[in-house]
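Here is the file coords_32.cif (mmCIF, C-alpha atoms).
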data_work
#
loop_
_atom_site.label_atom_id
_atom_site.label_comp_id
_atom_site.auth_asym_id
_atom_site.auth_seq_id
_atom_site.Cartn_x
_atom_site.Cartn_y
_atom_site.Cartn_z
CA MET A 682 -14.21 14.01 21.64
CA THR A 683 -16.76 11.23 21.73
CA LEU A 684 -16.29 7.93 23.55
CA LEU A 685 -15.81 6.14 20.22
CA GLU A 686 -13.05 8.51 19.13
CA ALA A 687 -11.32 8.18 22.50
CA THR A 688 -11.48 4.37 22.33
CA VAL A 689 -10.02 4.28 18.81
CA LEU A 690 -7.32 6.76 19.82
CA VAL A 691 -6.28 4.65 22.83
CA PHE A 692 -6.30 1.54 20.59
CA VAL A 693 -4.10 3.26 18.00
CA ILE A 694 -1.60 4.46 20.61
CA GLY A 695 -1.54 1.00 22.21
CA CYS A 696 -0.87 -0.64 18.82
CA ALA A 697 1.87 1.87 18.03
CA LEU A 698 3.57 1.17 21.36
CA ALA A 699 3.21 -2.58 20.80
CA THR A 700 4.82 -2.21 17.36
CA ALA A 701 7.76 -0.43 18.98
CA VAL A 702 8.37 -2.71 21.96
CA PHE A 703 7.47 -6.25 20.82
CA ARG A 704 10.47 -8.47 20.23
CA ASP A 705 8.84 -11.03 17.94
CA ILE A 706 8.69 -9.69 14.37
CA LEU A 707 5.46 -11.51 13.57
CA SER A 708 3.76 -9.82 16.54
CA VAL A 709 5.15 -6.48 15.38
CA ILE A 710 3.63 -6.94 11.91
CA VAL A 711 0.24 -7.83 13.35
CA ALA A 712 0.36 -4.86 15.75
CA SER A 713 1.35 -2.58 12.89
CA ALA A 714 -1.60 -3.80 10.78
CA ALA A 715 -3.95 -3.19 13.72
CA TYR A 716 -2.46 0.30 14.07
CA SER A 717 -3.19 1.07 10.41
CA LEU A 718 -6.73 -0.21 10.76
CA GLY A 719 -7.23 1.99 13.84
CA ILE A 720 -5.84 5.03 12.03
CA ALA A 721 -8.13 4.31 9.07
CA THR A 722 -11.12 4.23 11.46
CA LEU A 723 -9.92 7.52 12.91
CA TRP A 724 -9.81 9.09 9.42
CA VAL A 725 -13.40 7.97 8.85
CA LEU A 726 -14.42 9.53 12.16
CA LEU A 727 -12.65 12.74 11.14
CA GLN A 728 -14.57 12.62 7.83
CA ALA A 729 -11.61 11.99 5.54
CA PRO A 730 -12.82 8.86 3.68
CA ASP A 731 -10.28 9.18 0.85
CA VAL A 732 -7.37 9.02 3.25
CA ALA A 733 -9.07 6.27 5.26
CA LEU A 734 -9.45 4.12 2.17
CA THR A 735 -5.78 4.53 1.30
CA GLU A 736 -4.66 3.76 4.84
CA ALA A 737 -6.87 0.65 5.03
CA ALA A 738 -5.86 -0.67 1.60
CA VAL A 739 -2.15 0.13 1.70
CA GLY A 740 -1.26 0.30 5.41
CA ALA A 741 -3.40 -2.47 6.82
CA GLY A 742 -3.67 -4.60 3.69
CA ILE A 743 -0.80 -4.63 1.24
CA MET A 744 2.02 -3.64 3.59
CA THR A 745 1.08 -6.40 6.05
CA LEU A 746 1.11 -8.98 3.28
CA LEU A 747 4.46 -7.78 1.92
CA PHE A 748 5.97 -7.72 5.43
CA LEU A 749 4.67 -11.24 6.15
CA LEU A 750 6.12 -12.46 2.89
CA THR A 751 9.48 -10.87 3.68
CA VAL A 752 9.50 -12.40 7.16
CA ALA A 753 8.65 -15.80 5.70
CA LYS A 754 11.88 -15.53 3.69
CA THR A 755 14.00 -15.02 6.78
CA VAL A 756 14.94 -17.10 9.80
CA ASN A 757 13.61 -16.22 13.21
CA PRO A 758 16.30 -15.86 15.88
CA THR A 759 15.38 -17.63 19.08
CA THR A 760 14.61 -15.34 21.95
CA ASP A 761 13.25 -15.67 25.44
CA ARG A 762 12.29 -12.06 25.88
CA PHE A 763 8.84 -10.86 24.94
CA PHE A 764 9.62 -7.15 24.82
CA GLU A 765 12.43 -5.26 23.22
CA ARG A 766 14.96 -3.88 25.68
CA ILE A 767 14.56 -0.10 25.78
CA ARG A 768 17.66 1.93 26.53
CA PRO A 769 17.21 4.89 28.93
CA ARG A 770 18.90 7.22 26.43
CA THR A 771 16.39 6.29 23.71
CA PHE A 772 13.54 6.74 26.15
CA VAL A 773 14.69 10.25 27.14
CA VAL A 774 15.08 11.31 23.51
CA LEU A 775 11.64 9.94 22.64
CA VAL A 776 9.98 11.69 25.57
CA CYS A 777 11.64 14.99 24.57
CA PHE A 778 10.51 14.55 20.96
CA LEU A 779 6.99 13.73 22.10
CA GLY A 780 7.03 16.83 24.30
CA VAL A 781 8.00 19.03 21.38
CA LEU A 782 5.25 17.55 19.22
CA LEU A 783 2.65 17.92 21.99
CA MET A 784 3.57 21.58 22.38
CA THR A 785 2.20 22.20 18.87
CA VAL A 786 -1.18 20.69 19.72
CA PRO A 787 -2.68 23.79 21.43
CA ALA A 788 -1.85 25.77 18.28
CA LEU A 789 -4.11 23.54 16.16
CA PRO A 790 -7.68 24.72 15.53
CA ALA A 791 -10.51 22.64 16.99
CA ILE A 792 -11.92 19.92 14.73
CA GLY A 793 -14.63 21.41 12.54
CA ASP A 794 -13.89 24.96 13.72
CA ALA A 795 -15.50 27.31 11.19
CA GLY A 796 -12.88 29.97 11.84
CA SER A 797 -9.88 27.75 11.14
CA PRO A 798 -7.69 28.79 8.20
CA VAL A 799 -8.36 25.49 6.42
CA VAL A 800 -12.12 25.97 6.38
CA GLY A 801 -12.21 29.72 5.82
CA GLY A 802 -9.18 29.99 3.55
CA GLU A 803 -9.33 31.54 0.12
CA VAL A 804 -7.93 28.47 -1.66
CA THR A 805 -10.35 26.07 0.04
CA ASN A 806 -13.32 28.20 -0.88
CA TYR A 807 -12.14 28.57 -4.46
CA TYR A 808 -12.00 24.77 -4.81
CA LEU A 809 -15.37 24.28 -3.12
CA ASP A 810 -17.04 26.93 -5.27
CA ASN A 811 -15.53 26.09 -8.65
CA ALA A 812 -14.50 22.42 -8.58
CA TYR A 813 -17.73 21.04 -10.03
CA GLU A 814 -18.10 23.62 -12.78
CA GLN A 815 -14.48 23.41 -13.88
CA THR A 816 -13.77 19.68 -13.57
CA GLU A 817 -17.24 18.08 -13.57
CA VAL A 818 -16.39 15.66 -10.77
CA GLU A 819 -18.34 15.71 -7.53
CA ASN A 820 -15.50 14.61 -5.26
CA VAL A 821 -13.48 17.76 -4.59
CA VAL A 822 -10.55 15.65 -3.36
CA THR A 823 -10.37 13.96 -6.77
CA ALA A 824 -10.80 17.32 -8.50
CA VAL A 825 -7.80 18.72 -6.62
CA LEU A 826 -5.72 15.56 -7.08
CA ALA A 827 -6.36 14.90 -10.75
CA ALA A 828 -7.11 18.36 -12.13
CA TYR A 829 -5.85 21.29 -10.06
CA ARG A 830 -2.81 19.37 -8.81
CA GLY A 831 -2.67 16.94 -11.74
CA PHE A 832 1.02 17.52 -12.30
CA ASP A 833 1.81 16.47 -8.71
CA THR A 834 -0.30 13.35 -9.11
CA LEU A 835 1.55 12.51 -12.32
CA GLY A 836 4.70 12.73 -10.22
CA GLU A 837 3.21 10.35 -7.66
CA ALA A 838 2.30 7.83 -10.35
CA ALA A 839 5.83 8.16 -11.73
CA VAL A 840 7.22 7.48 -8.24
CA VAL A 841 5.21 4.25 -8.01
CA PHE A 842 6.42 3.26 -11.48
CA THR A 843 10.03 4.12 -10.63
CA ALA A 844 9.88 2.11 -7.40
CA GLY A 845 8.89 -1.01 -9.32
CA VAL A 846 11.53 -0.49 -11.97
CA ALA A 847 14.18 0.19 -9.31
CA VAL A 848 13.41 -3.09 -7.55
CA LEU A 849 13.68 -4.91 -10.87
CA LEU A 850 17.06 -3.26 -11.50
CA VAL A 851 18.39 -4.03 -8.02
CA LEU A 852 17.33 -7.67 -8.25
CA ARG A 853 18.69 -7.81 -11.82
CA ARG A 854 15.49 -9.21 -13.27
CA GLU A 855 13.66 -8.36 -16.43
CA ALA A 856 10.10 -9.17 -15.41
CA PHE A 857 7.97 -9.12 -12.30
CA VAL A 858 6.88 -12.74 -12.40
CA MET B 241 7.39 -21.35 -2.13
CA SER B 242 10.30 -23.71 -2.53
CA HIS B 243 12.79 -24.02 0.23
CA ASP B 244 16.26 -22.73 -0.37
CA GLU B 245 19.15 -25.18 -0.59
CA SER B 246 21.78 -22.68 0.51
CA THR B 247 20.45 -22.45 4.05
CA ASP B 248 20.65 -26.19 4.75
CA GLY B 249 22.15 -26.99 8.09
CA GLU B 250 22.74 -23.72 9.88
CA SER B 251 19.28 -22.27 9.70
CA SER B 252 17.56 -25.39 10.99
CA ILE B 253 19.17 -24.78 14.35
CA ARG B 254 18.13 -21.18 14.46
CA THR B 255 14.61 -21.42 13.10
CA GLN B 256 11.71 -21.75 15.42
CA PRO B 257 9.04 -24.26 14.44
CA ARG B 258 6.68 -22.44 16.83
CA ASN B 259 5.65 -19.97 14.12
CA SER B 260 4.61 -21.74 10.98
CA VAL B 261 4.99 -18.48 9.02
CA PHE B 262 8.73 -18.70 9.36
CA ARG B 263 10.53 -21.00 7.00
CA THR B 264 11.72 -24.32 8.28
CA GLU B 265 13.55 -27.00 6.36
CA ASP B 266 10.76 -29.50 5.92
CA GLN B 267 7.88 -27.10 5.77
CA THR B 268 6.78 -24.36 3.37
CA PRO B 269 4.45 -21.53 4.34
CA TYR B 270 1.85 -22.62 1.80
CA VAL B 271 -0.92 -24.79 3.20
CA GLU B 272 -3.50 -26.17 0.81
CA SER B 273 -6.78 -25.46 2.51
CA THR B 274 -10.20 -26.12 1.02
CA ILE B 275 -11.72 -23.41 3.21
CA ILE B 276 -9.29 -20.74 2.05
CA MET B 277 -9.52 -21.79 -1.61
CA THR B 278 -13.32 -21.80 -1.59
CA THR B 279 -13.52 -18.47 0.22
CA VAL B 280 -11.08 -16.82 -2.17
CA ARG B 281 -12.91 -18.26 -5.17
CA VAL B 282 -16.17 -16.72 -3.94
CA VAL B 283 -14.73 -13.41 -2.73
CA ALA B 284 -12.20 -12.62 -5.49
CA PRO B 285 -14.69 -11.40 -8.18
CA PHE B 286 -16.33 -9.10 -5.65
CA ILE B 287 -12.99 -7.63 -4.56
CA LEU B 288 -12.00 -7.03 -8.17
CA THR B 289 -15.35 -5.34 -8.76
CA LEU B 290 -14.87 -3.22 -5.64
CA GLY B 291 -11.41 -2.21 -6.84
CA LEU B 292 -12.76 -1.14 -10.24
CA PHE B 293 -15.69 0.63 -8.55
CA VAL B 294 -13.34 2.59 -6.29
CA MET B 295 -11.25 3.50 -9.35
CA PHE B 296 -14.19 4.56 -11.55
CA HIS B 297 -16.33 6.08 -8.85
CA GLY B 298 -13.44 7.94 -7.25
CA ALA B 299 -14.54 11.00 -9.17
CA ASP B 300 -17.89 11.14 -7.41
CA SER B 301 -17.22 9.52 -4.03
CA ALA B 302 -14.30 8.57 -1.85
CA GLY B 303 -11.64 6.66 -3.73
CA GLY B 304 -9.43 6.99 -6.76
CA GLY B 305 -6.73 5.30 -8.74
CA PHE B 306 -4.29 4.64 -5.92
CA GLN B 307 -6.87 3.04 -3.61
CA GLY B 308 -8.70 1.16 -6.36
CA GLY B 309 -5.47 -0.10 -7.88
CA THR B 310 -4.36 -1.43 -4.52
CA ILE B 311 -7.65 -3.25 -3.99
CA ALA B 312 -7.59 -4.70 -7.51
CA GLY B 313 -3.98 -5.81 -7.05
CA THR B 314 -4.95 -7.56 -3.83
CA VAL B 315 -7.00 -10.05 -5.84
CA VAL B 316 -3.86 -11.58 -7.35
CA LEU B 317 -2.25 -11.69 -3.89
CA LEU B 318 -5.32 -13.46 -2.50
CA LEU B 319 -5.16 -16.02 -5.31
CA ALA B 320 -1.49 -16.57 -4.56
CA PHE B 321 -2.21 -17.12 -0.88
CA ALA B 322 -5.01 -19.58 -1.63
CA PHE B 323 -3.57 -21.58 -4.53
CA GLY B 324 0.16 -21.20 -3.93
CA ILE B 325 2.52 -18.56 -5.25
CA GLU B 326 4.19 -20.70 -7.93
CA PRO B 327 1.00 -21.77 -9.80
CA VAL B 328 -0.24 -18.17 -9.83
CA ARG B 329 3.17 -16.99 -11.03
CA ASP B 330 3.01 -19.46 -13.91
CA TRP B 331 -0.54 -18.39 -14.70
CA LEU B 332 0.35 -14.69 -14.92
CA ASN B 333 1.88 -13.32 -18.08
CA ALA B 334 5.06 -11.40 -17.23
CA ASP B 335 4.93 -9.23 -20.36
CA ARG B 336 1.32 -8.27 -19.80
CA LEU B 337 2.02 -7.29 -16.20
CA LEU B 338 4.92 -5.07 -17.26
CA GLY B 339 2.74 -3.72 -20.06
CA LEU B 340 -0.04 -2.89 -17.58
CA VAL B 341 2.39 -0.86 -15.49
CA ALA B 342 3.76 1.02 -18.48
CA VAL B 343 0.36 1.60 -20.12
CA GLY B 344 -0.98 3.06 -16.89
CA LEU B 345 1.68 5.74 -16.71
CA LEU B 346 1.58 6.33 -20.47
CA THR B 347 -2.19 6.91 -20.29
CA PHE B 348 -1.62 9.68 -17.76
CA LEU B 349 1.18 11.21 -19.84
CA GLY B 350 -0.80 10.75 -23.06
CA ILE B 351 -3.79 12.64 -21.69
CA GLY B 352 -1.47 15.35 -20.43
CA PHE B 353 0.29 15.85 -23.76
CA GLY B 354 -2.88 15.21 -25.78
CA ALA B 355 -4.38 18.37 -24.29
CA MET B 356 -1.41 20.28 -25.69
CA LEU B 357 -2.16 18.93 -29.18
CA PHE B 358 -5.60 20.53 -28.96
CA GLY B 359 -4.07 23.85 -28.00
CA GLY B 360 -4.47 23.65 -24.23
CA ALA B 361 -1.92 23.51 -21.43
CA PHE B 362 -0.42 20.27 -20.13
CA LEU B 363 -3.19 18.22 -18.44
CA GLN B 364 -5.83 20.83 -19.29
CA TYR B 365 -8.70 18.40 -19.70
CA ASN B 366 -11.25 20.83 -21.09
CA ALA B 367 -9.01 21.52 -24.08
CA TYR B 368 -10.32 18.30 -25.63
CA PRO B 369 -13.19 18.98 -28.03
CA TYR B 370 -15.59 16.53 -26.38
CA SER B 371 -18.49 17.16 -24.06
CA HIS B 372 -17.66 16.35 -20.42
CA ALA B 373 -14.01 16.09 -21.43
CA SER B 374 -12.86 16.96 -17.90
CA LYS B 375 -14.84 14.15 -16.33
CA TYR B 376 -13.71 11.50 -18.81
CA GLY B 377 -10.16 12.76 -18.70
CA ILE B 378 -10.05 12.46 -14.92
CA GLU B 379 -11.64 8.99 -15.06
CA LEU B 380 -9.01 7.83 -17.58
CA VAL B 381 -6.22 9.27 -15.47
CA GLU B 382 -7.57 7.44 -12.41
CA LEU B 383 -7.73 4.21 -14.42
CA GLY B 384 -4.15 4.73 -15.55
CA ILE B 385 -2.97 5.28 -11.97
CA GLY B 386 -4.93 2.20 -10.93
CA ALA B 387 -3.30 0.05 -13.61
CA THR B 388 0.19 1.17 -12.60
CA VAL B 389 -0.44 0.69 -8.88
CA ALA B 390 -2.10 -2.73 -9.31
CA GLY B 391 0.71 -3.93 -11.56
CA ILE B 392 3.49 -2.69 -9.27
CA ILE B 393 1.88 -4.20 -6.17
CA THR B 394 1.46 -7.56 -7.87
CA GLY B 395 5.00 -7.36 -9.21
CA LEU B 396 6.55 -6.44 -5.86
CA PHE B 397 4.69 -9.32 -4.25
CA PHE B 398 6.09 -11.86 -6.69
CA LEU B 399 9.57 -10.34 -6.56
CA LEU B 400 9.55 -10.59 -2.76
CA ALA B 401 8.19 -14.12 -2.92
CA ALA B 402 10.95 -15.16 -5.30
CA GLY B 403 13.67 -13.55 -3.22
CA PHE B 404 17.04 -13.30 -4.85
CA GLU B 405 19.74 -15.81 -5.63
CA THR B 406 23.36 -15.31 -4.73
CA ASP B 407 26.22 -17.69 -5.28
CA GLU B 408 27.73 -16.97 -1.91
CA PRO B 409 25.84 -17.55 1.31
CA MET B 410 24.63 -14.45 3.11
CA GLU B 411 26.96 -13.01 5.72
CA ASP B 412 24.72 -13.59 8.70
CA GLU B 413 24.39 -17.25 7.81
CA GLN B 414 28.13 -17.69 8.42
#

Whole structure, structure tokens version:
Amino acid sequence: MTLLEATVLVFVIGCALATAVFRDILSVIVASAAYSLGIATLWVLLQAPDVALTEAAVGAGIMTLLFLLTVAKTVNPTTDRFFERIRPRTFVVLVCFLGVLLMTVPALPAIGDAGSPVVGGEVTNYYLDNAYEQTEVENVVTAVLAAYRGFDTLGEAAVVFTAGVAVLLVLRREAFV
Amino acid sequence: MSHDESTDGESSIRTQPRNSVFRTEDQTPYVESTIIMTTVRVVAPFILTLGLFVMFHGADSAGGGFQGGTIAGTVVLLLAFAFGIEPVRDWLNADRLLGLVAVGLLTFLGIGFGAMLFGGAFLQYNAYPYSHASKYGIELVELGIGATVAGIITGLFFLLAAGFETDEPMEDEQ
């Protein structure tokens, strides 16, 4: 792990903790946006630009705006405390959960390991070998999303559509604007 | 953003004027700023272009319909932040926005079923009797996704901004 990766990782963990413990909702939203930006940087460092772009646009961009707008519609309860009060029970459960998750880390292959099942797998190699000939797009991620797994992506688009329609139904409106 | 009559009285005690983002009785979140308006006016065409680029070029580089649609939708949000939500709401055409969302999904479905008309399987792009049918099919699908995502994001933004009206006051307002 390079120094840059370590710095971004510490930043991301710090932002995630801040999101959890800050009392003021506005601070939480800002910390959450910073977290998304850090994660997006991490995806770029791990050479997953497609995911990074999504995280930056949706996580850091749109979600922050929508949260801010929602918060602007509410009233802010007065508080003297800066941090959320953390109950010991919650803390114990979280530490246990974290422990369980960390136990899976040694089982993961090293980043860029040529022998890892993802790199050497039959499916991966099939996509890498045939994606351009069969779909004529150079980005294999797009080839998988739109062609090989096109039906799943249609489902995703339908989910986005349904979410909008559901909000319209719940708010009993007939148009977005 | 107009202030809500139903919260008169109670909420003024509980709101904190410290954060200008939060609603107070005599103050709305919108601030008319020449700097913001000028910046948005300059930046908006470039962001829209970037959004379309990410959508179109998603086939050959990082990106795609979901990312590009989000970026393109952001342009309307930026305009709303700079020039006020109400003027932008009046400027947008509600039917066209709904149409954009529907057309996006229908494009995807249309390409899927169209392939069946030409004797292929559902979403089998190379069943179309055109050269580079796969590439153009995928590009169209990405555009369709982008249209749906951009429309939904814009719509959700305006729905959230409008809030909802109830005859009775909310429970936590007593």

Give me the chain A side of the contact with chain B, cut-off 6 Å, one line per residue showing its nearest atom pair and distance in Å at one decimal, counting all atoms listed in the file, sorted by chain and residue number, as a tab-separated table.
residue	atom	partner	partner_atom	distance
A:Pro730	CA	B:Ala302	CA	5.7
A:Asp731	CA	B:Ala302	CA	4.9
A:Thr735	CA	B:Gln307	CA	5.2
A:Ala753	CA	B:Phe262	CA	4.7
A:Val756	CA	B:Thr255	CA	5.4
A:Asn757	CA	B:Thr255	CA	5.3
A:Pro758	CA	B:Arg254	CA	5.8
A:Thr816	CA	B:Ser374	CA	5.2
A:Glu817	CA	B:Lys375	CA	5.4
A:Val818	CA	B:Ala299	CA	5.3
A:Glu819	CA	B:Asp300	CA	4.6
A:Asn820	CA	B:Asp300	CA	4.7
A:Thr823	CA	B:Ala299	CA	5.6
A:Gly845	CA	B:Ile392	CA	5.7
A:Ala856	CA	B:Ala334	CA	5.8
A:Phe857	CA	B:Gly395	CA	4.6
A:Val858	CA	B:Ala334	CA	5.3

ask   = Quick one, how far is atom CA of B:Leu290 from atom CA of A:Tyr716?
value =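 Between atom CA of B:Leu290 and atom CA of A:Tyr716 the gap is 23.6 Å.
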
ask   = So which residues touch A:Gly719 within 7 Å, counting all atoms listed in the file, skipping near sequence neighbours fewer than 2 positions away, as number ranges by chain?
value = A: 689, 692-693, 715-717, 721-723

ask   = B:Gly359, B:Tyr368, B:Ala387, B:Thr279: which is nearest B:Gly339, counting all atoms listed in the file?
value =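 For B:Gly339, the nearest of the candidates is B:Ala387.
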
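Note that the spacing between atom CA of A:Ala791 and atom CA of A:Trp724 amounts to 15.5 Å.
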